[in-house]
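Chemist: Take this structure, written in structure tokens, and hold onto it; I'll ask about it next.
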Amino acid sequence: MTNSVLRPLLFVAPLILIVLATKPAPAQASPSNPQLASRAINDRVDALMKKMSLEDKIGQLVQYSYGSATGPDASHLSYEDLVARGQIGSLLNIHGSGDVNRLQHIAVEKSPLHIPLLFGLDVIHGMHTTFPVPIALASSWNPELIRSVAHTAAVESRAEGVPWVFSPMVDIARDPRWGRIVESAGEDPYLGSALARAYVEGYQQGDLSKPDSVAVSVKHFAAYGAAIAGRDYNATDMSDVTLRQVYLPPYHAAVEAGAATVMSSFNSINGVPASANPYTLTQILRREWGFDGFVVSDWGAVSELLNHSIGADGSTVARKAITAGVDMDMEGGLYATTLAAQVRSGVIPESVIDEATRRVLRVKFALGLFDHPYIAPTPAYVATPEKRAEARKAAVETIVLLKNDALEGVGKVLPFGKSVKTVALIGPFADSQQDMLGSWGALGNPKDAVTLRQALSQRLGNQLLYAKGVSILKGENEEYLHKFLGQPTTPVWDNENGIAAAVAIAKKADVAVLALGESAVAMTGEASSRAHLSLPGDQEKLLEAVAATGKPVVLVLFTGRPSEIPWAAEHIPAIVQAWFPGIEAGHAVADILFGDANPGAKLTTSFPRAVGQEPLYYAQLPTGRPAHGDLNHFPANGEEKFQSRYLDVNNSAQFPFGWGLSYTSFRFSQPTLSQPEIAAASLRAGDAAKVEVSFTVTNTGSRAGTEVAQLYIRNTAASVEQPVRELKGFARLTLQPGETKTVTLPLGFDELSFWNAQSKQVVEPTTYKIFVGDSSLADLTTSLVVH
């Protein structure tokens with residue numbers, strides 16, 4: 001059937017067929033966590049609620065920071081007195097058996113109803129054992145690794161008396177100017193959803209009462225990662241279709257996996273602050289998804305509603321937050337001081353307070369806090385060989401080989417061959433233990449971190465030459481950085497002499513390794529947006545000077561976001577994206593450099609050619625005037641000007657989503673379908689997939705390696721524009737030389753549906769183009785007809 005025939009048919013037919021292939025939005029979904037919905041727990045909650053006064057209930061909805069502040073304007077109240085009066089339900093930033101048991105004894109023995117406290121902490125990528133930062137962990141494309149890392153963190157957190165972690169962060173992040181991209185899984189909702197489920201499963205272990213489980217707090221709900229211009233805390237503005245199709249799926253996946261709590265975000269969504277948003281917090285989260293845990297605000301987000309100008313005073317914004325669905329006020333101080341009077345005056349129904357209190361108590365009962373409120377003495381942490389082995393394995397799986405070109409007469413620079421005797425290690429990140437841990441290091445100790453200099457020294461002895469080269473920043477910015485990190489500010493590093501020293505040792509070496517990047521603590525994470533994504537300070541100058549020696553150069557990037565490195569991408573033969581790899585950073589990078597491990601990680605965020613491309617992501621919507629060819633210059637020689645393009649840079653990413661090289665090579669076969677056509681009406685939510693896509697992957701190289709096979713689709717005739725490509729399946733497989741494995745990936749309602757203009761999840765008659773390969777550039781195709 002020709003396109004001229006198809007188009008009029010598709011204009012009329014979906015009105016009938018969409019009804020048959022639509023996922024209904026129930027008025028009240030089934031409970032998301034059976035444990036929280038159990039009769040045993042709810043009977044205990046009901047019995048306790050009958051004894052509670054209004055003040056007792058409100059006390060359960062109040063959280064303060066006891067330890068070091070992780071936000072502005074910490075309250076610093078007399079917490080012991082408030083706990084004894086039952087006016088605090090939770091404390092954050094406290095750990096260890098001494099403080100935890102002391103405060104818990106006050107709560108259990110002195111408060112009117114003996115309700116235990118709930119202690120929480122930002123455990124983002126490990127408690128003591130610091131693993132790679134989340135953007136790195138995502139690059140493994142390995143949900144099983146995520147489960148393992150989360151479980152280790154849960155065990156260590158429970159031992160510290162922390163049964164509640166403010167993790168995982170599942171915000172979709174498509175703009176690396178935003179500093180918190182380091183805490184995310186990247187730009188894709190399909191991959192982000194798979195990893196969100198894995199985090200929840202690893203942390204909670206399917207049973208909150210288990211001694212090796214913790215309650216999660218899925219954050220930041222919702223769409224925090226879409227901050228306009230990548231500026232932290234900024235507004236987000238998007239259609240409901242984009243919200244539901246791109247930004248909400250990872251939160252939904254976490255809720256379906258049984259997440260015990262959710263954290264509301266700082267941003268507004270289409271003009272309504274997320275921490276006072278009944279559409280997201282009640283309609284979607286509770287009614288559509290059936291979430292039965294509780295919602296905690298982010299630090300001070302309730303009091304900051306005043307800055308959003310949605311209320312003239314604290315009482316008003318507190319009422320809007322609690323009635324929208326924020327159950328617990330983190331460090332806002334407004335629930336404690338304004339809710340009781342509003343209930344007594346009839347402004348807030350007491351049933352609203354009752355329901356919020358029930359939600360908090362359910363989680364406390366599920367965690368076993370009423371039965372086992374105290375913890376055993378916390379042992380001193382030791383980074384044992386077993387813990388180091390786990391951290392090293394995780395780091396190796398997350399390091400991405402971005403480039404590995406061959407040099408004339410030398411061949412590929414990586415892995416180092418026998419001809420490499422002397423290595424020049426250069427750069428401000430070569431020996432920085434603090435930076436190896438990344439941002440949000442919880443209780444991680446920089447002294448436990450192995451730097452690249454330490455690891456290479458163990459391998460090479462006096463054949464390793466070292467020079468810092470330059471500081472991370474320069475001038476006043478360097479002084480600020482030292483003050484921020486609590487380091488001495490004098491003497492200021494002499495970059496010119498540092499570069500000269502680096503060039504001198506590079507000339508003596510067989511290869512130069514440059515460890516460059518951005519400060520993990522000062523330049524990534526919360527409140528760390530950057531308008532420029534290039535290497536800060538004089539690091540680019542250092543790189544170019546060393547490269548000018550003519551010696552082979554390997555660039556190792558220690559960053560928490562994609563970098564803008566067009567010169568390096570053109571001139572440096574080997575580039576390794578190491579992220580912030582955790583306590584075994586140096587050994588893991590050395591394993592990659594020397595070939596003891598074969599890189600298999602893949603990017604989950606697109607690297608731009610220029611920051612002006614941001615936000616840049618592979619799943620772009622189509623345009624009526626698509627760019628054709630490799631355009632990175634002014635139109636010339638008859639080229640068509642009127643295309644959706646830049647005049648001065650290619651539209652494409654420098655390194656695209658899904659990209660990552662290996663020391664071996666792989667060949668994919670043409671994909672085949674279990675059936676070439678399917679009826680839209682036969683695809684229903686919750687049913688098993690109806691179509692399977694199969695293809696083979698062969699290791700055509702001389703060494704074992706790991707490949708991530710990726711499946712993308714394009715809907716070619718939808719009622720609402722769909723991306724030019726969307727990830728809808730992946731498989732991580734390890735192959736020996738010459739080995740072939742068959743990959744089979746399902747396509748069902750979840751993979752083929754989209755959100756239409758009426759905010760309904762549907763499958764429509766269309767043709768899907770299917771792509772398989774090793775990145776978002778996959779070019780082996782087939783087609784599936786949906787009629």
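Every chain in the structure tokens has a letter given in the order shown (A, B, ...), and although residue numbers restart at 1 in each chain, ligands are simply numbered from 1 in the order shown.
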Could you go through segment 304-457 of chain A and tell me which residues DSSP, when run on the backbone, assigns to strand (DSSP E or B), listing them as a ChimeraX atom specification?

Modeler: /A:328-330,400-404,406-407,411-412,423-426

Chemist: Quote the spacing between atom CA of Glu331 of chain A and atom CA of Ile375 of chain A in Å to one decimal place.

Modeler: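 That distance, rounded to one decimal, is 25.2 Å.
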
Chemist: Skip segment 623-626 of chain A itself and residues of its chain fewer than 4 positions away, then list as a list in words all residues within 9 Å of it, counting only C-alpha atoms.

Modeler: Phe642, Gln643, Ser644 and Arg645 of chain A

Chemist: Output the selection as an mmCIF file, in the first residue's frame - N, CA and C atoms for each residue.

Modeler:
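Produced file part-v3.cif, reproduced below:
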data_model
loop_
_atom_site.group_PDB
_atom_site.id
_atom_site.type_symbol
_atom_site.label_atom_id
_atom_site.label_comp_id
_atom_site.auth_asym_id
_atom_site.auth_seq_id
_atom_site.Cartn_x
_atom_site.Cartn_y
_atom_site.Cartn_z
ATOM 1 N N PHE A 642 18.244 26.232 3.916
ATOM 2 C CA PHE A 642 17.061 26.215 4.777
ATOM 3 C C PHE A 642 16.799 24.826 5.348
ATOM 4 N N GLN A 643 17.684 24.444 6.271
ATOM 5 C CA GLN A 643 17.594 23.181 6.981
ATOM 6 C C GLN A 643 17.720 23.459 8.474
ATOM 7 N N SER A 644 17.226 22.524 9.280
ATOM 8 C CA SER A 644 17.318 22.669 10.731
ATOM 9 C C SER A 644 18.736 22.296 11.161
ATOM 10 N N ARG A 645 19.595 23.303 11.248
ATOM 11 C CA ARG A 645 21.014 23.058 11.470
ATOM 12 C C ARG A 645 21.664 24.297 12.061
#

Chemist: Please return, as a count of residues only, all residues of segment 322-476 of chain A that DSSP assigns to helix (DSSP H, G or I) on the basis of the backbone.

Modeler: 66

Chemist: Can you tell me which residues surround segment 237-243 of chain A at a distance of at most 9 Å, considering only C-alpha atoms, apart from same-chain residues fewer than 6 positions away, and format the answer as a PyMOL selection string?

Modeler: chain A and resi 222-223+226-228+249+268-271+754-760
